[in-house]
$ cat run-v4.txt   # compact mmCIF, N, CA and C atoms
# COMPACT_ATOMS: atom_id res chain seq x y z
N MET S 1 -10.59 4.19 8.26
CA MET S 1 -9.59 3.15 8.14
C MET S 1 -9.30 2.61 9.53
N ARG S 2 -9.29 1.30 9.63
CA ARG S 2 -9.01 0.67 10.91
C ARG S 2 -7.64 0.00 10.83
N PHE S 3 -6.95 -0.01 11.97
CA PHE S 3 -5.67 -0.69 12.02
C PHE S 3 -5.92 -2.19 12.04
N LEU S 4 -5.06 -2.91 11.39
CA LEU S 4 -5.16 -4.36 11.40
C LEU S 4 -4.87 -4.86 12.80
N SER S 5 -5.74 -5.65 13.32
CA SER S 5 -5.56 -6.11 14.69
C SER S 5 -4.43 -7.13 14.80
N PHE S 6 -4.10 -7.78 13.71
CA PHE S 6 -3.07 -8.80 13.79
C PHE S 6 -1.72 -8.29 13.28
N GLY S 7 -1.60 -7.02 12.93
CA GLY S 7 -0.36 -6.48 12.38
C GLY S 7 0.82 -6.60 13.32
N ARG S 8 0.62 -6.30 14.60
CA ARG S 8 1.74 -6.36 15.54
C ARG S 8 2.20 -7.78 15.79
N VAL S 9 1.31 -8.72 15.66
CA VAL S 9 1.68 -10.12 15.88
C VAL S 9 2.62 -10.59 14.78
N ASN S 10 2.35 -10.21 13.53
CA ASN S 10 3.15 -10.66 12.40
C ASN S 10 4.40 -9.82 12.18
N ASN S 11 4.44 -8.61 12.71
CA ASN S 11 5.58 -7.71 12.50
C ASN S 11 6.05 -7.13 13.82
N PRO S 12 6.53 -7.94 14.75
CA PRO S 12 6.91 -7.41 16.05
C PRO S 12 8.09 -6.45 15.97
N GLU S 13 8.86 -6.48 14.88
CA GLU S 13 10.01 -5.59 14.78
C GLU S 13 9.60 -4.17 14.36
N LEU S 14 8.36 -3.97 13.93
CA LEU S 14 7.90 -2.65 13.54
C LEU S 14 7.25 -1.93 14.71
N ALA S 15 7.44 -0.62 14.74
CA ALA S 15 6.79 0.19 15.76
C ALA S 15 5.28 0.13 15.57
N LYS S 16 4.55 0.28 16.65
CA LYS S 16 3.09 0.25 16.59
C LYS S 16 2.55 1.29 15.60
N THR S 17 3.22 2.43 15.52
CA THR S 17 2.77 3.51 14.64
C THR S 17 3.17 3.30 13.18
N ASP S 18 3.92 2.23 12.90
CA ASP S 18 4.39 1.97 11.54
C ASP S 18 3.91 0.62 11.03
N GLN S 19 2.80 0.12 11.57
CA GLN S 19 2.26 -1.18 11.17
C GLN S 19 1.44 -1.09 9.89
N GLY S 20 1.08 0.11 9.47
CA GLY S 20 0.16 0.25 8.35
C GLY S 20 -1.26 0.18 8.87
N ALA S 21 -2.21 0.42 7.98
CA ALA S 21 -3.61 0.39 8.39
C ALA S 21 -4.48 -0.07 7.24
N GLY S 22 -5.56 -0.68 7.59
CA GLY S 22 -6.54 -1.20 6.65
C GLY S 22 -7.30 -2.31 7.34
N SER S 23 -8.33 -2.80 6.70
CA SER S 23 -9.12 -3.86 7.30
C SER S 23 -9.72 -4.74 6.22
N LEU S 24 -9.74 -6.03 6.45
CA LEU S 24 -10.40 -6.94 5.53
C LEU S 24 -11.91 -6.72 5.53
N ASP S 25 -12.43 -6.07 6.56
CA ASP S 25 -13.86 -5.74 6.60
C ASP S 25 -14.24 -4.75 5.49
N ASP S 26 -13.26 -4.08 4.90
CA ASP S 26 -13.52 -3.11 3.84
C ASP S 26 -13.70 -3.76 2.47
N TYR S 27 -13.68 -5.10 2.42
CA TYR S 27 -13.74 -5.81 1.15
C TYR S 27 -14.90 -6.79 1.13
N LEU S 28 -15.47 -6.96 -0.05
CA LEU S 28 -16.51 -7.95 -0.24
C LEU S 28 -15.87 -9.33 -0.35
N TYR S 29 -16.70 -10.35 -0.45
CA TYR S 29 -16.23 -11.73 -0.48
C TYR S 29 -15.16 -11.96 -1.56
N ASP S 30 -15.31 -11.36 -2.72
CA ASP S 30 -14.37 -11.56 -3.82
C ASP S 30 -13.23 -10.54 -3.81
N LEU S 31 -12.97 -9.93 -2.64
CA LEU S 31 -11.87 -8.99 -2.41
C LEU S 31 -11.98 -7.70 -3.21
N ILE S 32 -13.21 -7.33 -3.56
CA ILE S 32 -13.45 -6.03 -4.19
C ILE S 32 -13.73 -5.04 -3.06
N PRO S 33 -13.09 -3.86 -3.09
CA PRO S 33 -13.35 -2.87 -2.05
C PRO S 33 -14.85 -2.53 -2.00
N ARG S 34 -15.37 -2.34 -0.79
CA ARG S 34 -16.79 -2.04 -0.61
C ARG S 34 -17.20 -0.73 -1.28
N ASN S 35 -16.29 0.24 -1.29
CA ASN S 35 -16.60 1.52 -1.93
C ASN S 35 -15.30 2.19 -2.38
N GLN S 36 -15.45 3.32 -3.05
CA GLN S 36 -14.28 3.99 -3.61
C GLN S 36 -13.44 4.70 -2.57
N LYS S 37 -13.91 4.80 -1.34
CA LYS S 37 -13.17 5.49 -0.29
C LYS S 37 -12.19 4.58 0.45
N VAL S 38 -12.16 3.29 0.15
CA VAL S 38 -11.29 2.35 0.86
C VAL S 38 -9.83 2.71 0.59
N ARG S 39 -9.06 2.81 1.67
CA ARG S 39 -7.64 3.15 1.61
C ARG S 39 -6.83 2.12 2.40
N ILE S 40 -5.57 1.98 2.03
CA ILE S 40 -4.61 1.18 2.80
C ILE S 40 -3.44 2.09 3.09
N GLN S 41 -3.05 2.17 4.35
CA GLN S 41 -1.85 2.91 4.74
C GLN S 41 -0.68 1.93 4.74
N LEU S 42 0.39 2.27 4.06
CA LEU S 42 1.54 1.39 3.97
C LEU S 42 2.23 1.20 5.31
N ALA S 43 2.82 0.04 5.49
CA ALA S 43 3.58 -0.28 6.69
C ALA S 43 5.07 -0.05 6.42
N ASP S 44 5.84 0.00 7.49
CA ASP S 44 7.31 0.08 7.43
C ASP S 44 7.79 1.29 6.62
N SER S 45 7.14 2.43 6.83
CA SER S 45 7.54 3.67 6.15
C SER S 45 8.57 4.48 6.92
N ASP S 46 8.80 4.15 8.19
CA ASP S 46 9.78 4.92 8.97
C ASP S 46 11.16 4.96 8.32
N PRO S 47 11.69 3.83 7.81
CA PRO S 47 13.01 3.90 7.18
C PRO S 47 13.00 4.61 5.82
N CYS S 48 11.82 4.93 5.31
CA CYS S 48 11.69 5.52 3.97
C CYS S 48 11.40 7.02 4.02
N GLN S 49 11.57 7.66 5.17
CA GLN S 49 11.22 9.07 5.33
C GLN S 49 12.00 9.97 4.38
N ASP S 50 13.27 9.68 4.13
CA ASP S 50 14.06 10.51 3.21
C ASP S 50 13.51 10.44 1.80
N ALA S 51 13.14 9.24 1.35
CA ALA S 51 12.57 9.08 0.01
C ALA S 51 11.23 9.81 -0.10
N LEU S 52 10.42 9.73 0.95
CA LEU S 52 9.14 10.43 0.93
C LEU S 52 9.32 11.94 0.95
N ARG S 53 10.30 12.44 1.72
CA ARG S 53 10.58 13.88 1.74
C ARG S 53 11.06 14.36 0.38
N ALA S 54 11.86 13.53 -0.28
CA ALA S 54 12.35 13.90 -1.62
C ALA S 54 11.19 14.05 -2.60
N VAL S 55 10.19 13.20 -2.48
CA VAL S 55 9.01 13.32 -3.34
C VAL S 55 8.26 14.61 -3.01
N LEU S 56 8.05 14.88 -1.72
CA LEU S 56 7.35 16.10 -1.32
C LEU S 56 8.12 17.35 -1.73
N ASP S 57 9.45 17.29 -1.70
CA ASP S 57 10.28 18.43 -2.09
C ASP S 57 10.07 18.79 -3.57
N GLN S 58 9.59 17.82 -4.35
CA GLN S 58 9.30 18.07 -5.76
C GLN S 58 7.89 18.66 -5.94
N GLY S 59 7.21 18.89 -4.82
CA GLY S 59 5.88 19.48 -4.88
C GLY S 59 4.77 18.48 -5.16
N VAL S 60 5.04 17.20 -4.94
CA VAL S 60 4.07 16.15 -5.24
C VAL S 60 3.51 15.58 -3.94
N THR S 61 2.18 15.55 -3.82
CA THR S 61 1.53 14.85 -2.71
C THR S 61 0.62 13.76 -3.24
N GLU S 62 0.04 13.97 -4.43
CA GLU S 62 -0.78 12.97 -5.09
C GLU S 62 0.04 12.36 -6.21
N THR S 63 0.15 11.04 -6.23
CA THR S 63 0.97 10.38 -7.23
C THR S 63 0.39 9.01 -7.51
N GLU S 64 1.15 8.17 -8.17
CA GLU S 64 0.74 6.80 -8.42
C GLU S 64 1.76 5.86 -7.80
N ALA S 65 1.25 4.77 -7.26
CA ALA S 65 2.10 3.75 -6.64
C ALA S 65 2.28 2.59 -7.60
N PHE S 66 3.48 2.08 -7.63
CA PHE S 66 3.78 0.89 -8.43
C PHE S 66 4.01 -0.27 -7.48
N ILE S 67 3.26 -1.33 -7.67
CA ILE S 67 3.35 -2.52 -6.84
C ILE S 67 3.55 -3.72 -7.76
N SER S 68 4.63 -4.44 -7.58
CA SER S 68 4.88 -5.63 -8.40
C SER S 68 3.99 -6.76 -7.94
N ARG S 69 3.54 -7.55 -8.90
CA ARG S 69 2.76 -8.75 -8.56
C ARG S 69 3.67 -9.71 -7.81
N ARG S 70 3.09 -10.44 -6.89
CA ARG S 70 3.86 -11.40 -6.09
C ARG S 70 4.13 -12.65 -6.90
N SER S 71 5.37 -13.12 -6.85
CA SER S 71 5.72 -14.36 -7.53
C SER S 71 5.37 -15.55 -6.65
N VAL S 72 5.49 -16.74 -7.21
CA VAL S 72 5.23 -17.96 -6.44
C VAL S 72 6.21 -18.05 -5.28
N ASP S 73 7.47 -17.68 -5.51
CA ASP S 73 8.47 -17.71 -4.44
C ASP S 73 8.11 -16.71 -3.32
N ASP S 74 7.62 -15.52 -3.73
CA ASP S 74 7.20 -14.54 -2.73
C ASP S 74 6.07 -15.09 -1.88
N GLU S 75 5.12 -15.75 -2.52
CA GLU S 75 3.99 -16.34 -1.78
C GLU S 75 4.47 -17.44 -0.84
N ARG S 76 5.38 -18.24 -1.33
CA ARG S 76 5.87 -19.38 -0.55
C ARG S 76 6.61 -18.92 0.71
N THR S 77 7.40 -17.86 0.57
CA THR S 77 8.18 -17.39 1.71
C THR S 77 7.47 -16.28 2.48
N ASP S 78 6.28 -15.91 2.03
CA ASP S 78 5.51 -14.83 2.65
C ASP S 78 6.34 -13.54 2.70
N ALA S 79 6.99 -13.24 1.58
CA ALA S 79 7.82 -12.05 1.47
C ALA S 79 6.95 -10.79 1.49
N PRO S 80 7.45 -9.70 2.09
CA PRO S 80 6.69 -8.46 2.08
C PRO S 80 6.56 -7.91 0.66
N THR S 81 5.51 -7.14 0.41
CA THR S 81 5.26 -6.56 -0.90
C THR S 81 5.68 -5.09 -0.88
N PRO S 82 6.80 -4.75 -1.54
CA PRO S 82 7.27 -3.36 -1.54
C PRO S 82 6.43 -2.48 -2.46
N VAL S 83 6.41 -1.19 -2.14
CA VAL S 83 5.68 -0.21 -2.94
C VAL S 83 6.63 0.94 -3.28
N ARG S 84 6.61 1.33 -4.55
CA ARG S 84 7.37 2.49 -5.02
C ARG S 84 6.38 3.49 -5.59
N LEU S 85 6.77 4.75 -5.65
CA LEU S 85 5.94 5.79 -6.25
C LEU S 85 6.52 6.20 -7.59
N PHE S 86 5.66 6.60 -8.51
CA PHE S 86 6.12 7.17 -9.77
C PHE S 86 6.02 8.67 -9.66
N VAL S 87 7.17 9.32 -9.78
CA VAL S 87 7.23 10.77 -9.69
C VAL S 87 8.04 11.27 -10.88
N ASN S 88 7.44 12.17 -11.65
CA ASN S 88 8.11 12.71 -12.84
C ASN S 88 8.61 11.60 -13.75
N GLN S 89 7.76 10.62 -13.98
CA GLN S 89 8.03 9.49 -14.89
C GLN S 89 9.16 8.58 -14.43
N ARG S 90 9.51 8.65 -13.15
CA ARG S 90 10.56 7.79 -12.61
C ARG S 90 10.09 7.12 -11.34
N PRO S 91 10.54 5.88 -11.11
CA PRO S 91 10.17 5.22 -9.85
C PRO S 91 11.04 5.72 -8.71
N SER S 92 10.42 5.86 -7.56
CA SER S 92 11.14 6.25 -6.35
C SER S 92 11.74 5.00 -5.72
N PRO S 93 12.58 5.17 -4.72
CA PRO S 93 12.96 4.00 -3.92
C PRO S 93 11.72 3.47 -3.20
N VAL S 94 11.83 2.34 -2.56
CA VAL S 94 10.71 1.78 -1.80
C VAL S 94 10.28 2.78 -0.74
N VAL S 95 8.95 3.00 -0.63
CA VAL S 95 8.41 3.97 0.34
C VAL S 95 7.57 3.29 1.41
N GLY S 96 7.47 1.98 1.36
CA GLY S 96 6.71 1.23 2.35
C GLY S 96 6.33 -0.14 1.79
N PHE S 97 5.56 -0.86 2.59
CA PHE S 97 5.15 -2.21 2.22
C PHE S 97 3.67 -2.38 2.49
N ILE S 98 3.04 -3.28 1.73
CA ILE S 98 1.64 -3.61 1.98
C ILE S 98 1.57 -4.25 3.37
N PRO S 99 0.65 -3.80 4.23
CA PRO S 99 0.55 -4.40 5.57
C PRO S 99 0.24 -5.90 5.49
N ARG S 100 0.80 -6.64 6.42
CA ARG S 100 0.55 -8.08 6.48
C ARG S 100 -0.94 -8.34 6.57
N GLY S 101 -1.42 -9.28 5.80
CA GLY S 101 -2.82 -9.64 5.80
C GLY S 101 -3.61 -8.96 4.70
N LEU S 102 -3.06 -7.92 4.10
CA LEU S 102 -3.77 -7.22 3.03
C LEU S 102 -3.15 -7.47 1.65
N GLU S 103 -2.26 -8.44 1.58
CA GLU S 103 -1.65 -8.76 0.29
C GLU S 103 -2.68 -9.27 -0.71
N ALA S 104 -3.62 -10.10 -0.25
CA ALA S 104 -4.61 -10.69 -1.16
C ALA S 104 -5.52 -9.64 -1.79
N PRO S 105 -6.07 -8.68 -1.04
CA PRO S 105 -6.87 -7.65 -1.71
C PRO S 105 -6.06 -6.82 -2.72
N VAL S 106 -4.79 -6.58 -2.42
CA VAL S 106 -3.95 -5.82 -3.34
C VAL S 106 -3.68 -6.64 -4.60
N GLU S 107 -3.38 -7.91 -4.44
CA GLU S 107 -3.19 -8.79 -5.60
C GLU S 107 -4.45 -8.85 -6.45
N ALA S 108 -5.61 -8.95 -5.80
CA ALA S 108 -6.87 -8.98 -6.53
C ALA S 108 -7.08 -7.68 -7.30
N ALA S 109 -6.74 -6.55 -6.68
CA ALA S 109 -6.88 -5.25 -7.34
C ALA S 109 -5.96 -5.16 -8.55
N LEU S 110 -4.73 -5.62 -8.39
CA LEU S 110 -3.79 -5.61 -9.52
C LEU S 110 -4.32 -6.49 -10.65
N GLY S 111 -4.87 -7.64 -10.31
CA GLY S 111 -5.46 -8.53 -11.32
C GLY S 111 -6.62 -7.87 -12.05
N ARG S 112 -7.48 -7.16 -11.31
CA ARG S 112 -8.60 -6.46 -11.95
C ARG S 112 -8.11 -5.38 -12.91
N LEU S 113 -7.06 -4.67 -12.52
CA LEU S 113 -6.51 -3.63 -13.38
C LEU S 113 -5.92 -4.23 -14.65
N VAL S 114 -5.19 -5.33 -14.52
CA VAL S 114 -4.62 -6.00 -15.70
C VAL S 114 -5.73 -6.51 -16.61
N ASP S 115 -6.73 -7.17 -16.03
CA ASP S 115 -7.83 -7.73 -16.81
C ASP S 115 -8.61 -6.66 -17.57
N SER S 116 -8.70 -5.47 -17.01
CA SER S 116 -9.45 -4.39 -17.66
C SER S 116 -8.59 -3.60 -18.65
N GLY S 117 -7.30 -3.93 -18.72
CA GLY S 117 -6.41 -3.25 -19.65
C GLY S 117 -5.92 -1.91 -19.15
N LYS S 118 -6.15 -1.61 -17.88
CA LYS S 118 -5.71 -0.34 -17.30
C LYS S 118 -4.29 -0.45 -16.76
N SER S 119 -3.71 0.69 -16.48
CA SER S 119 -2.40 0.72 -15.84
C SER S 119 -2.50 0.08 -14.46
N THR S 120 -1.47 -0.63 -14.04
CA THR S 120 -1.47 -1.29 -12.74
C THR S 120 -1.00 -0.35 -11.63
N ARG S 121 -0.82 0.91 -11.94
CA ARG S 121 -0.45 1.88 -10.91
C ARG S 121 -1.71 2.34 -10.18
N MET S 122 -1.59 2.43 -8.85
CA MET S 122 -2.72 2.88 -8.04
C MET S 122 -2.47 4.29 -7.54
N LYS S 123 -3.54 5.05 -7.43
CA LYS S 123 -3.44 6.40 -6.87
C LYS S 123 -2.92 6.31 -5.44
N ALA S 124 -2.05 7.23 -5.09
CA ALA S 124 -1.46 7.25 -3.75
C ALA S 124 -1.33 8.69 -3.28
N THR S 125 -1.44 8.86 -1.97
CA THR S 125 -1.32 10.17 -1.35
C THR S 125 -0.28 10.09 -0.24
N ILE S 126 0.61 11.06 -0.20
CA ILE S 126 1.57 11.17 0.89
C ILE S 126 1.00 12.20 1.87
N ARG S 127 0.95 11.82 3.13
CA ARG S 127 0.43 12.76 4.12
C ARG S 127 1.32 12.74 5.36
N GLN S 128 1.33 13.91 6.02
CA GLN S 128 2.10 14.06 7.25
C GLN S 128 1.23 13.63 8.42
N THR S 129 1.77 12.78 9.29
CA THR S 129 1.09 12.41 10.52
C THR S 129 1.99 12.81 11.68
N LYS S 130 1.51 12.67 12.88
CA LYS S 130 2.36 13.01 14.02
C LYS S 130 3.53 12.05 14.16
N ASN S 131 3.48 10.91 13.47
CA ASN S 131 4.55 9.92 13.51
C ASN S 131 5.41 9.90 12.26
N GLY S 132 5.24 10.90 11.40
CA GLY S 132 6.05 10.97 10.18
C GLY S 132 5.19 10.93 8.94
N LEU S 133 5.85 10.83 7.80
CA LEU S 133 5.15 10.77 6.52
C LEU S 133 4.62 9.36 6.29
N ARG S 134 3.40 9.29 5.77
CA ARG S 134 2.77 8.01 5.47
C ARG S 134 2.16 8.06 4.09
N VAL S 135 2.04 6.89 3.46
CA VAL S 135 1.46 6.77 2.12
C VAL S 135 0.15 6.00 2.22
N ASP S 136 -0.90 6.56 1.63
CA ASP S 136 -2.19 5.90 1.56
C ASP S 136 -2.46 5.50 0.11
N LEU S 137 -2.79 4.23 -0.10
CA LEU S 137 -3.18 3.74 -1.42
C LEU S 137 -4.69 3.85 -1.55
N ALA S 138 -5.15 4.38 -2.67
CA ALA S 138 -6.58 4.51 -2.93
C ALA S 138 -7.05 3.23 -3.63
N ILE S 139 -7.03 2.13 -2.91
CA ILE S 139 -7.39 0.84 -3.51
C ILE S 139 -8.86 0.79 -3.88
N GLY S 140 -9.68 1.62 -3.24
CA GLY S 140 -11.11 1.65 -3.55
C GLY S 140 -11.38 2.09 -4.99
N LEU S 141 -10.45 2.79 -5.60
CA LEU S 141 -10.63 3.23 -6.98
C LEU S 141 -10.41 2.10 -7.99
N THR S 142 -10.03 0.93 -7.51
CA THR S 142 -9.79 -0.22 -8.41
C THR S 142 -11.03 -1.08 -8.58
N ARG S 143 -12.14 -0.66 -8.01
CA ARG S 143 -13.38 -1.45 -8.07
C ARG S 143 -13.75 -1.85 -9.47
$ encode --input "run-v4.txt" --output "C-alpha cells"
Amino acid sequence: MRFLSFGRVNNPELAKTDQGAGSLDDYLYDLIPRNQKVRIQLADSDPCQDALRAVLDQGVTETEAFISRRSVDDERTDAPTPVRLFVNQRPSPVVGFIPRGLEAPVEAALGRLVDSGKSTRMKATIRQTKNGLRVDLAIGLTR
C-alpha cells in the first residue's frame, strides 16, 4: 500500500500519519482493483481511537465496514466519506474517512456490490500501528 502523494495537500489539518493510504495505481481503468490484496487505510482515525478501542475490547479485529453512497450534494461540496463498522449487528460511530482522491474507486466498488446483489458492507481489519489504531478496507475483495 502506498500513501497518496496528494493527501497532505487536500487535508492540511490532518497529521501526516493520519492521511490514510492507498493509490490509484492499484486500480484498472474502470476502477476495479488490480487484485484481491488491494487495501485502503482510512484517514482521520486519530479522533476515533476510543470507538476503535471499544470494538477491539469486544474481541473483534475483523469486521465489516459500512460506507454510505455519496449523494449529489456530497459530490458537489466534496464532502468526506465517513466509514462505520458493524459489530455485533450494530453500527459503530464513525471510525475514519475514505482518503481524498479514493472516493471514486470506493463508489465504484459499492456500485459493483449493489449490481451483483451482494451486501454493500466491505471487509475491514483494525490494526495497531505505532501511530494508533487504523482501519484497512479490503476493497480488493469487491472485484
$ select_by_dssp --input "run-v4.txt" --residues "stretch 42-110 of chain S" --states "strand (DSSP E)" --output "number ranges by chain"
S: 62-67, 82-87, 90-97
$ residues_around --input "run-v4.txt" --residues "stretch 81-90 of chain S" --least-positions-apart "2" --cutoff "6 Å" --atoms "all atoms listed in the file" --output "list in words"
Thr63, Glu64, Ala65, Phe66, Ile67, Ser68, Ala79, Ser92, Pro93, Val94, Val95, Gly96, Phe97 and Ile98 of chain S
$ residues_around --input "run-v4.txt" --residues "stretch 122-125 of chain S" --least-positions-apart "3" --cutoff "10 Å" --atoms "only C-alpha atoms" --output "list in words"
Arg39, Ile40, Gln41, Val60, Thr61, Glu62, Thr63, Glu64, Ala65, Phe66, Ile67, Leu85, Phe86, Val106, Ala109, Leu110, Leu113, Ser119, Arg134, Val135, Asp136, Leu137, Ala138, Ile139, Gly140, Leu141 and Thr142 of chain S
$ write_last_selection --input "run-v4.txt" --atoms "N, CA and C atoms" --output "short mmCIF file (atom, residue, chain, number, x, y, z; two decimals), in the coordinates of the input"
data_model
loop_
_atom_site.label_atom_id
_atom_site.label_comp_id
_atom_site.auth_asym_id
_atom_site.auth_seq_id
_atom_site.Cartn_x
_atom_site.Cartn_y
_atom_site.Cartn_z
N ARG S 39 -9.06 2.81 1.67
CA ARG S 39 -7.64 3.15 1.61
C ARG S 39 -6.83 2.12 2.40
N ILE S 40 -5.57 1.98 2.03
CA ILE S 40 -4.61 1.18 2.80
C ILE S 40 -3.44 2.09 3.09
N GLN S 41 -3.05 2.17 4.35
CA GLN S 41 -1.85 2.91 4.74
C GLN S 41 -0.68 1.93 4.74
N VAL S 60 5.04 17.20 -4.94
CA VAL S 60 4.07 16.15 -5.24
C VAL S 60 3.51 15.58 -3.94
N THR S 61 2.18 15.55 -3.82
CA THR S 61 1.53 14.85 -2.71
C THR S 61 0.62 13.76 -3.24
N GLU S 62 0.04 13.97 -4.43
CA GLU S 62 -0.78 12.97 -5.09
C GLU S 62 0.04 12.36 -6.21
N THR S 63 0.15 11.04 -6.23
CA THR S 63 0.97 10.38 -7.23
C THR S 63 0.39 9.01 -7.51
N GLU S 64 1.15 8.17 -8.17
CA GLU S 64 0.74 6.80 -8.42
C GLU S 64 1.76 5.86 -7.80
N ALA S 65 1.25 4.77 -7.26
CA ALA S 65 2.10 3.75 -6.64
C ALA S 65 2.28 2.59 -7.60
N PHE S 66 3.48 2.08 -7.63
CA PHE S 66 3.78 0.89 -8.43
C PHE S 66 4.01 -0.27 -7.48
N ILE S 67 3.26 -1.33 -7.67
CA ILE S 67 3.35 -2.52 -6.84
C ILE S 67 3.55 -3.72 -7.76
N LEU S 85 6.77 4.75 -5.65
CA LEU S 85 5.94 5.79 -6.25
C LEU S 85 6.52 6.20 -7.59
N PHE S 86 5.66 6.60 -8.51
CA PHE S 86 6.12 7.17 -9.77
C PHE S 86 6.02 8.67 -9.66
N VAL S 106 -4.79 -6.58 -2.42
CA VAL S 106 -3.95 -5.82 -3.34
C VAL S 106 -3.68 -6.64 -4.60
N ALA S 109 -6.74 -6.55 -6.68
CA ALA S 109 -6.88 -5.25 -7.34
C ALA S 109 -5.96 -5.16 -8.55
N LEU S 110 -4.73 -5.62 -8.39
CA LEU S 110 -3.79 -5.61 -9.52
C LEU S 110 -4.32 -6.49 -10.65
N LEU S 113 -7.06 -4.67 -12.52
CA LEU S 113 -6.51 -3.63 -13.38
C LEU S 113 -5.92 -4.23 -14.65
N SER S 119 -3.71 0.69 -16.48
CA SER S 119 -2.40 0.72 -15.84
C SER S 119 -2.50 0.08 -14.46
N ARG S 134 3.40 9.29 5.77
CA ARG S 134 2.77 8.01 5.47
C ARG S 134 2.16 8.06 4.09
N VAL S 135 2.04 6.89 3.46
CA VAL S 135 1.46 6.77 2.12
C VAL S 135 0.15 6.00 2.22
N ASP S 136 -0.90 6.56 1.63
CA ASP S 136 -2.19 5.90 1.56
C ASP S 136 -2.46 5.50 0.11
N LEU S 137 -2.79 4.23 -0.10
CA LEU S 137 -3.18 3.74 -1.42
C LEU S 137 -4.69 3.85 -1.55
N ALA S 138 -5.15 4.38 -2.67
CA ALA S 138 -6.58 4.51 -2.93
C ALA S 138 -7.05 3.23 -3.63
N ILE S 139 -7.03 2.13 -2.91
CA ILE S 139 -7.39 0.84 -3.51
C ILE S 139 -8.86 0.79 -3.88
N GLY S 140 -9.68 1.62 -3.24
CA GLY S 140 -11.11 1.65 -3.55
C GLY S 140 -11.38 2.09 -4.99
N LEU S 141 -10.45 2.79 -5.60
CA LEU S 141 -10.63 3.23 -6.98
C LEU S 141 -10.41 2.10 -7.99
N THR S 142 -10.03 0.93 -7.51
CA THR S 142 -9.79 -0.22 -8.41
C THR S 142 -11.03 -1.08 -8.58
#
$ closest_residue --input "run-v4.txt" --among "S:Pro47, S:Ala104, S:Arg121, S:Arg127" --to "S:Tyr29" --atoms "only C-alpha atoms"
S:Ala104
$ closest_residue --input "run-v4.txt" --among "S:Asp73, S:Glu107, S:Glu13, S:Asp46" --to "S:Asn131" --atoms "all atoms listed in the file"
S:Asp46
$ atom_distance --input "run-v4.txt" --atom1 "atom CA of S:Arg70" --atom2 "atom CA of S:Leu28"
21.5 Å
$ residues_near_point --input "run-v4.txt" --point "(-15.8, -1.8, 1.7)" --cutoff "8 Å" --atoms "only N, CA and C atoms" --output "PDB file with N, CA and C atoms, in the frame of the given file"
ATOM      1  N   LEU S  24      -9.740  -6.030   6.450  1.00  0.00           N
ATOM      2  CA  LEU S  24     -10.400  -6.940   5.530  1.00  0.00           C
ATOM      3  C   LEU S  24     -11.910  -6.720   5.530  1.00  0.00           C
ATOM      4  N   ASP S  25     -12.430  -6.070   6.560  1.00  0.00           N
ATOM      5  CA  ASP S  25     -13.860  -5.740   6.600  1.00  0.00           C
ATOM      6  C   ASP S  25     -14.240  -4.750   5.490  1.00  0.00           C
ATOM      7  N   ASP S  26     -13.260  -4.080   4.900  1.00  0.00           N
ATOM      8  CA  ASP S  26     -13.520  -3.110   3.840  1.00  0.00           C
ATOM      9  C   ASP S  26     -13.700  -3.760   2.470  1.00  0.00           C
ATOM     10  N   TYR S  27     -13.680  -5.100   2.420  1.00  0.00           N
ATOM     11  CA  TYR S  27     -13.740  -5.810   1.150  1.00  0.00           C
ATOM     12  C   TYR S  27     -14.900  -6.790   1.130  1.00  0.00           C
ATOM     13  N   LEU S  28     -15.470  -6.960  -0.050  1.00  0.00           N
ATOM     14  CA  LEU S  28     -16.510  -7.950  -0.240  1.00  0.00           C
ATOM     15  C   LEU S  28     -15.870  -9.330  -0.350  1.00  0.00           C
ATOM     16  N   ILE S  32     -13.210  -7.330  -3.560  1.00  0.00           N
ATOM     17  CA  ILE S  32     -13.450  -6.030  -4.190  1.00  0.00           C
ATOM     18  C   ILE S  32     -13.730  -5.040  -3.060  1.00  0.00           C
ATOM     19  N   PRO S  33     -13.090  -3.860  -3.090  1.00  0.00           N
ATOM     20  CA  PRO S  33     -13.350  -2.870  -2.050  1.00  0.00           C
ATOM     21  C   PRO S  33     -14.850  -2.530  -2.000  1.00  0.00           C
ATOM     22  N   ARG S  34     -15.370  -2.340  -0.790  1.00  0.00           N
ATOM     23  CA  ARG S  34     -16.790  -2.040  -0.610  1.00  0.00           C
ATOM     24  C   ARG S  34     -17.200  -0.730  -1.280  1.00  0.00           C
ATOM     25  N   ASN S  35     -16.290   0.240  -1.290  1.00  0.00           N
ATOM     26  CA  ASN S  35     -16.600   1.520  -1.930  1.00  0.00           C
ATOM     27  C   ASN S  35     -15.300   2.190  -2.380  1.00  0.00           C
ATOM     28  N   GLN S  36     -15.450   3.320  -3.050  1.00  0.00           N
ATOM     29  CA  GLN S  36     -14.280   3.990  -3.610  1.00  0.00           C
ATOM     30  C   GLN S  36     -13.440   4.700  -2.570  1.00  0.00           C
ATOM     31  N   LYS S  37     -13.910   4.800  -1.340  1.00  0.00           N
ATOM     32  CA  LYS S  37     -13.170   5.490  -0.290  1.00  0.00           C
ATOM     33  C   LYS S  37     -12.190   4.580   0.450  1.00  0.00           C
ATOM     34  N   VAL S  38     -12.160   3.290   0.150  1.00  0.00           N
ATOM     35  CA  VAL S  38     -11.290   2.350   0.860  1.00  0.00           C
ATOM     36  C   VAL S  38      -9.830   2.710   0.590  1.00  0.00           C
ATOM     37  N   GLY S 140      -9.680   1.620  -3.240  1.00  0.00           N
ATOM     38  CA  GLY S 140     -11.110   1.650  -3.550  1.00  0.00           C
ATOM     39  C   GLY S 140     -11.380   2.090  -4.990  1.00  0.00           C
TER      40      GLY S 140
END
$ atom_distance --input "run-v4.txt" --atom1 "atom CA of S:Cys48" --atom2 "atom CA of S:Leu14"
13.1 Å
$ atom_distance --input "run-v4.txt" --atom1 "atom CA of S:Arg143" --atom2 "atom CA of S:Arg112"
7.9 Å
$ residues_around --input "run-v4.txt" --residues "S:Asp18" --least-positions-apart "5" --cutoff "7 Å" --atoms "only C-alpha atoms" --output "ChimeraX atom specification"
/S:43-46
$ select_by_dssp --input "run-v4.txt" --residues "stretch 6-105 of chain S" --states "helix (DSSP H, G or I)" --output "ChimeraX atom specification"
/S:7-10,16-18,24-26,46-57,72-77,103-105
$ closest_residue --input "run-v4.txt" --among "S:Ile126, S:Val72, S:Ala51, S:Leu102" --to "S:Gly22" --atoms "all atoms listed in the file"
S:Leu102
